[in-house]
Structures are given as C-alpha cells and as structure tokens.
Amino acid sequence: KKNDREVKAIRGGEQCLLSIFDVRVGDIIVLDTGDIVCADGIYLEGHSIKTDESAMTGEADAIKKGSVADGLDPFFLSGSQVIEGFGRMLVIAVGKYSFNGKTMLALQVEDNETPLQEKLTHLANNIGKFGLGSASLLLLIAIPKYL
C-alpha cells in the first residue's frame, strides 16, 4: 500500500476522500490539475480538462477530454495525469479490469531460475550439508575427550 493516496469522490450523493484502493465502479471522481487518474472512467462534466496519457498510450500530446457532442474524447485511462482543468468522471473499471491494471498484469513474468541460479542453489545446499557433517563429526570427537 505504499502507492496509496486519497482522491475526492462522490458516493451516495456526498463528497468524501477515498483511498484509491476503495474506489468502486459507479463512484464519481472529482479531478483537478495534477491528479493521477486512479480508475478508468467517462467524462461527466468539467472545464478544459487535458490529460497526459503518454505513460499508457505513448501519445506525447495532451488529450482534451469532454463530451462526445463536443467532438472530444470522453474516456479517462487509469494511470494518466490531469495536466490542465478540472471536472468529474464516472468510474467504469477498477483494479485488474482497468486499462492500467491489464497492462500491469501483462507485464508480470514468472520467476524461473536460470541454469546458473540452479547450480548455485545446488552448491549452497552441498556446502551446508558438508558444514553440518563436519560440525557433527567434531562434536562426536570432542565429547569423549571431556567425559
């Protein structure tokens, strides 16, 4: 939870601060300049909202957000940053179902040991067994001497 931060949300008709891990589909998130979008959403209302989606899409230009009737992009992608304006969005996807979540899941790779790691693990086990055997032998030799 080191990436935890709070966002302004409207839930049940009341504005409150929520952890990004508590945001649910159907919440309305209040976006301001500098905010990082925590979930995928659809534009509801706002003024001059531009987002930086370069981390998600590779698009270097800021994307203007607005209603489809105005000919603007109404979709907010999780992980993008609001660089201008303010507004509200309706959350439509969170966690592993969001754009950012799907990307992070695709990047996860199983940790398979390399041949060198396998050989080093085997060597470490052999060294441990040899050390235990040597200590046991020394103990067996030393006990009769002091009895």
# chains A, B, ... in the order shown; residues from 1 in each chain; ligands from 1

call {"tool": "residues_around", "arguments": {"residues": "Leu18 of chain A", "least_positions_apart": "6", "cutoff": "12 Å", "atoms": "only C-alpha atoms", "output": "short mmCIF file (atom, residue, chain, number, x, y, z; two decimals) with N, CA and C atoms, in the first residue's frame"}}
result
data_model
loop_
_atom_site.label_atom_id
_atom_site.label_comp_id
_atom_site.auth_asym_id
_atom_site.auth_seq_id
_atom_site.Cartn_x
_atom_site.Cartn_y
_atom_site.Cartn_z
N ASP A 4 -0.56 4.12 -1.97
CA ASP A 4 -1.89 4.59 -1.57
C ASP A 4 -1.93 6.11 -1.54
N ARG A 5 -3.00 6.65 -2.03
CA ARG A 5 -3.27 8.08 -1.96
C ARG A 5 -4.78 8.26 -1.93
N GLU A 6 -5.21 9.44 -1.54
CA GLU A 6 -6.63 9.68 -1.44
C GLU A 6 -7.10 10.53 -2.61
N VAL A 7 -8.32 10.26 -3.05
CA VAL A 7 -8.95 11.02 -4.12
C VAL A 7 -10.29 11.55 -3.63
N LYS A 8 -10.72 12.66 -4.22
CA LYS A 8 -12.03 13.22 -3.90
C LYS A 8 -13.06 12.46 -4.72
N ALA A 9 -14.09 11.97 -4.04
CA ALA A 9 -15.11 11.19 -4.73
C ALA A 9 -16.49 11.60 -4.24
N ILE A 10 -17.47 11.28 -5.05
CA ILE A 10 -18.86 11.48 -4.65
C ILE A 10 -19.50 10.10 -4.61
N ARG A 11 -19.89 9.71 -3.42
CA ARG A 11 -20.51 8.40 -3.23
C ARG A 11 -21.77 8.61 -2.41
N ARG A 24 -14.80 2.32 -6.26
CA ARG A 24 -15.60 1.26 -6.88
C ARG A 24 -16.27 1.77 -8.15
N ASP A 27 -18.67 5.07 -8.69
CA ASP A 27 -18.29 6.28 -7.96
C ASP A 27 -18.04 7.41 -8.95
N ILE A 28 -18.22 8.62 -8.48
CA ILE A 28 -17.88 9.80 -9.28
C ILE A 28 -16.62 10.39 -8.67
N ILE A 29 -15.57 10.52 -9.47
CA ILE A 29 -14.29 11.04 -9.01
C ILE A 29 -14.17 12.49 -9.45
N VAL A 30 -13.76 13.34 -8.51
CA VAL A 30 -13.53 14.76 -8.79
C VAL A 30 -12.06 14.91 -9.18
N CYS A 38 -7.11 7.34 -11.09
CA CYS A 38 -6.93 6.06 -10.39
C CYS A 38 -7.75 4.93 -10.99
#

call {"tool": "residues_around", "arguments": {"residues": "segment 90-97 of chain A", "least_positions_apart": "3", "cutoff": "6 Å", "atoms": "only C-alpha atoms", "output": "VMD selection string"}}
result
chain A and resid 25 to 28 39 to 42 101 to 102

call {"tool": "write_last_selection", "arguments": {"atoms": "N, CA, C and O atoms", "output": "CSV table (one decimal), in the first residue's frame"}}
result
chain,number,residue,atom,x,y,z
A,25,VAL,N,-16.7,0.8,-9.0
A,25,VAL,CA,-17.4,1.2,-10.2
A,25,VAL,C,-18.7,1.9,-9.8
A,25,VAL,O,-19.4,1.4,-8.9
A,26,GLY,N,-19.0,3.0,-10.4
A,26,GLY,CA,-20.2,3.8,-10.1
A,26,GLY,C,-19.9,5.0,-9.3
A,26,GLY,O,-20.7,5.9,-9.2
A,27,ASP,N,-18.7,5.1,-8.7
A,27,ASP,CA,-18.3,6.3,-8.0
A,27,ASP,C,-18.0,7.4,-8.9
A,27,ASP,O,-17.7,7.2,-10.1
A,28,ILE,N,-18.2,8.6,-8.5
A,28,ILE,CA,-17.9,9.8,-9.3
A,28,ILE,C,-16.6,10.4,-8.7
A,28,ILE,O,-16.6,10.7,-7.5
A,39,ALA,N,-8.7,5.2,-11.9
A,39,ALA,CA,-9.5,4.2,-12.5
A,39,ALA,C,-9.9,4.7,-13.9
A,39,ALA,O,-9.8,5.8,-14.2
A,40,ASP,N,-10.4,3.7,-14.7
A,40,ASP,CA,-10.9,4.1,-16.0
A,40,ASP,C,-12.3,4.8,-15.8
A,40,ASP,O,-13.1,4.4,-14.9
A,41,GLY,N,-12.6,5.8,-16.6
A,41,GLY,CA,-13.9,6.5,-16.4
A,41,GLY,C,-14.3,7.2,-17.6
A,41,GLY,O,-13.6,7.3,-18.6
A,42,ILE,N,-15.5,7.7,-17.5
A,42,ILE,CA,-16.2,8.5,-18.5
A,42,ILE,C,-16.4,9.9,-18.1
A,42,ILE,O,-16.9,10.1,-16.9
A,101,GLY,N,-4.5,-1.7,-15.1
A,101,GLY,CA,-4.4,-3.0,-14.4
A,101,GLY,C,-4.1,-4.1,-15.4
A,101,GLY,O,-3.3,-5.0,-15.1
A,102,LYS,N,-4.7,-4.1,-16.6
A,102,LYS,CA,-4.5,-5.1,-17.6
A,102,LYS,C,-3.0,-5.0,-18.1
A,102,LYS,O,-2.4,-6.0,-18.3

call {"tool": "atom_distance", "arguments": {"atom1": "atom CA of Leu44 of chain A", "atom2": "atom CA of Glu59 of chain A"}}
result
23.1 Å

call {"tool": "closest_residue", "arguments": {"among": "A:Gly79, A:Pro74, A:Gly12, A:Gly85", "to": "Leu31 of chain A", "atoms": "only C-alpha atoms"}}
result
A:Gly85

call {"tool": "select_by_dssp", "arguments": {"residues": "chain A", "states": "alpha helix (DSSP H)", "output": "PyMOL selection string"}}
result
chain A and resi 54-57+99-107+115-146

call {"tool": "atom_distance", "arguments": {"atom1": "atom CA of Gly71 of chain A", "atom2": "atom CA of Val23 of chain A"}}
result
28.5 Å

call {"tool": "closest_residue", "arguments": {"among": "A:Asp35, A:Asn125, A:Ile49, A:Ala62", "to": "Ser78 of chain A", "atoms": "only C-alpha atoms"}}
result
A:Asp35

call {"tool": "atom_distance", "arguments": {"atom1": "atom CA of Ala142 of chain A", "atom2": "atom CA of Lys129 of chain A"}}
result
20.0 Å

call {"tool": "closest_residue", "arguments": {"among": "A:Ala124, A:Leu77, A:Leu147, A:Val37", "to": "Thr57 of chain A", "atoms": "only C-alpha atoms"}}
result
A:Leu77

call {"tool": "residues_around", "arguments": {"residues": "Ala60 of chain A", "least_positions_apart": "6", "cutoff": "12 Å", "atoms": "only C-alpha atoms", "output": "ChimeraX atom specification"}}
result
/A:51-54,80

call {"tool": "write_last_selection", "arguments": {"atoms": "C-alpha atoms", "output": "mmCIF file, in the first residue's frame"}}
result
data_model
loop_
_atom_site.group_PDB
_atom_site.id
_atom_site.type_symbol
_atom_site.label_atom_id
_atom_site.label_comp_id
_atom_site.auth_asym_id
_atom_site.auth_seq_id
_atom_site.Cartn_x
_atom_site.Cartn_y
_atom_site.Cartn_z
ATOM 1 C CA THR A 51 -4.643 14.593 -19.683
ATOM 2 C CA ASP A 52 -1.168 13.220 -20.280
ATOM 3 C CA GLU A 53 -1.658 9.621 -21.400
ATOM 4 C CA SER A 54 1.925 9.149 -22.599
ATOM 5 C CA SER A 80 -2.864 9.129 -16.826
#

call {"tool": "residues_around", "arguments": {"residues": "Phe86 of chain A", "least_positions_apart": "3", "cutoff": "10 Å", "atoms": "only C-alpha atoms", "output": "number ranges by chain"}}
result
A: 30-35, 45-50, 82-83

call {"tool": "write_last_selection", "arguments": {"atoms": "N, CA and C atoms", "output": "PDB file, in the first residue's frame"}}
result
ATOM      1  N   VAL A  30     -13.761  13.340  -8.507  1.00  0.00           N
ATOM      2  CA  VAL A  30     -13.529  14.757  -8.791  1.00  0.00           C
ATOM      3  C   VAL A  30     -12.062  14.909  -9.182  1.00  0.00           C
ATOM      4  N   LEU A  31     -11.817  15.412 -10.374  1.00  0.00           N
ATOM      5  CA  LEU A  31     -10.457  15.551 -10.898  1.00  0.00           C
ATOM      6  C   LEU A  31     -10.025  17.010 -10.914  1.00  0.00           C
ATOM      7  N   ASP A  32      -8.785  17.240 -10.495  1.00  0.00           N
ATOM      8  CA  ASP A  32      -8.185  18.576 -10.532  1.00  0.00           C
ATOM      9  C   ASP A  32      -6.832  18.474 -11.223  1.00  0.00           C
ATOM     10  N   THR A  33      -6.263  19.623 -11.567  1.00  0.00           N
ATOM     11  CA  THR A  33      -4.943  19.659 -12.186  1.00  0.00           C
ATOM     12  C   THR A  33      -3.921  18.978 -11.279  1.00  0.00           C
ATOM     13  N   GLY A  34      -3.109  18.094 -11.865  1.00  0.00           N
ATOM     14  CA  GLY A  34      -2.075  17.387 -11.118  1.00  0.00           C
ATOM     15  C   GLY A  34      -2.492  16.017 -10.614  1.00  0.00           C
ATOM     16  N   ASP A  35      -3.780  15.712 -10.620  1.00  0.00           N
ATOM     17  CA  ASP A  35      -4.252  14.404 -10.154  1.00  0.00           C
ATOM     18  C   ASP A  35      -3.851  13.304 -11.124  1.00  0.00           C
ATOM     19  N   GLU A  45     -18.609  16.000 -16.442  1.00  0.00           N
ATOM     20  CA  GLU A  45     -18.632  17.444 -16.592  1.00  0.00           C
ATOM     21  C   GLU A  45     -17.264  17.997 -16.233  1.00  0.00           C
ATOM     22  N   GLY A  46     -16.990  19.199 -16.690  1.00  0.00           N
ATOM     23  CA  GLY A  46     -15.714  19.796 -16.352  1.00  0.00           C
ATOM     24  C   GLY A  46     -15.406  20.993 -17.218  1.00  0.00           C
ATOM     25  N   HIS A  47     -14.177  21.509 -17.025  1.00  0.00           N
ATOM     26  CA  HIS A  47     -13.758  22.695 -17.758  1.00  0.00           C
ATOM     27  C   HIS A  47     -12.318  22.525 -18.214  1.00  0.00           C
ATOM     28  N   SER A  48     -12.102  22.510 -19.517  1.00  0.00           N
ATOM     29  CA  SER A  48     -10.765  22.492 -20.135  1.00  0.00           C
ATOM     30  C   SER A  48      -9.866  21.382 -19.608  1.00  0.00           C
ATOM     31  N   ILE A  49     -10.378  20.170 -19.511  1.00  0.00           N
ATOM     32  CA  ILE A  49      -9.563  19.067 -18.988  1.00  0.00           C
ATOM     33  C   ILE A  49      -8.662  18.528 -20.093  1.00  0.00           C
ATOM     34  N   LYS A  50      -7.371  18.446 -19.778  1.00  0.00           N
ATOM     35  CA  LYS A  50      -6.393  17.810 -20.653  1.00  0.00           C
ATOM     36  C   LYS A  50      -5.631  16.797 -19.815  1.00  0.00           C
ATOM     37  N   VAL A  82      -3.880  14.396 -15.008  1.00  0.00           N
ATOM     38  CA  VAL A  82      -4.601  15.593 -15.429  1.00  0.00           C
ATOM     39  C   VAL A  82      -3.605  16.747 -15.406  1.00  0.00           C
ATOM     40  N   ILE A  83      -3.355  17.338 -16.568  1.00  0.00           N
ATOM     41  CA  ILE A  83      -2.360  18.412 -16.629  1.00  0.00           C
ATOM     42  C   ILE A  83      -3.005  19.797 -16.726  1.00  0.00           C
TER      43      ILE A  83
END

call {"tool": "closest_residue", "arguments": {"among": "A:Ala106, A:Ala55, A:Tyr43, A:Phe130", "to": "Asp70 of chain A", "atoms": "only C-alpha atoms"}}
result
A:Tyr43

call {"tool": "select_by_dssp", "arguments": {"residues": "segment 2-46 of chain A", "states": "strand (DSSP E or B)", "output": "PyMOL selection string"}}
result
chain A and resi 6-11+14-19+28-31+36+40-46

call {"tool": "write_last_selection", "arguments": {"atoms": "C-alpha atoms", "output": "compact mmCIF listing (two decimals), in the first residue's frame"}}
result
# COMPACT_ATOMS: atom_id res chain seq x y z
CA GLU A 6 -6.63 9.68 -1.44
CA VAL A 7 -8.95 11.02 -4.12
CA LYS A 8 -12.03 13.22 -3.90
CA ALA A 9 -15.11 11.19 -4.73
CA ILE A 10 -18.86 11.48 -4.65
CA ARG A 11 -20.51 8.40 -3.23
CA GLU A 14 -21.88 13.14 -0.64
CA GLN A 15 -18.33 14.26 -1.37
CA CYS A 16 -15.67 12.35 0.58
CA LEU A 17 -11.99 11.38 0.49
CA LEU A 18 -11.37 7.76 -0.52
CA SER A 19 -8.25 5.65 -0.76
CA ILE A 28 -17.88 9.80 -9.28
CA ILE A 29 -14.29 11.04 -9.01
CA VAL A 30 -13.53 14.76 -8.79
CA LEU A 31 -10.46 15.55 -10.90
CA ILE A 36 -3.37 10.93 -11.40
CA ASP A 40 -10.95 4.12 -15.98
CA GLY A 41 -13.86 6.49 -16.36
CA ILE A 42 -16.18 8.50 -18.54
CA TYR A 43 -16.31 12.30 -18.62
CA LEU A 44 -19.36 13.74 -16.86
CA GLU A 45 -18.63 17.44 -16.59
CA GLY A 46 -15.71 19.80 -16.35
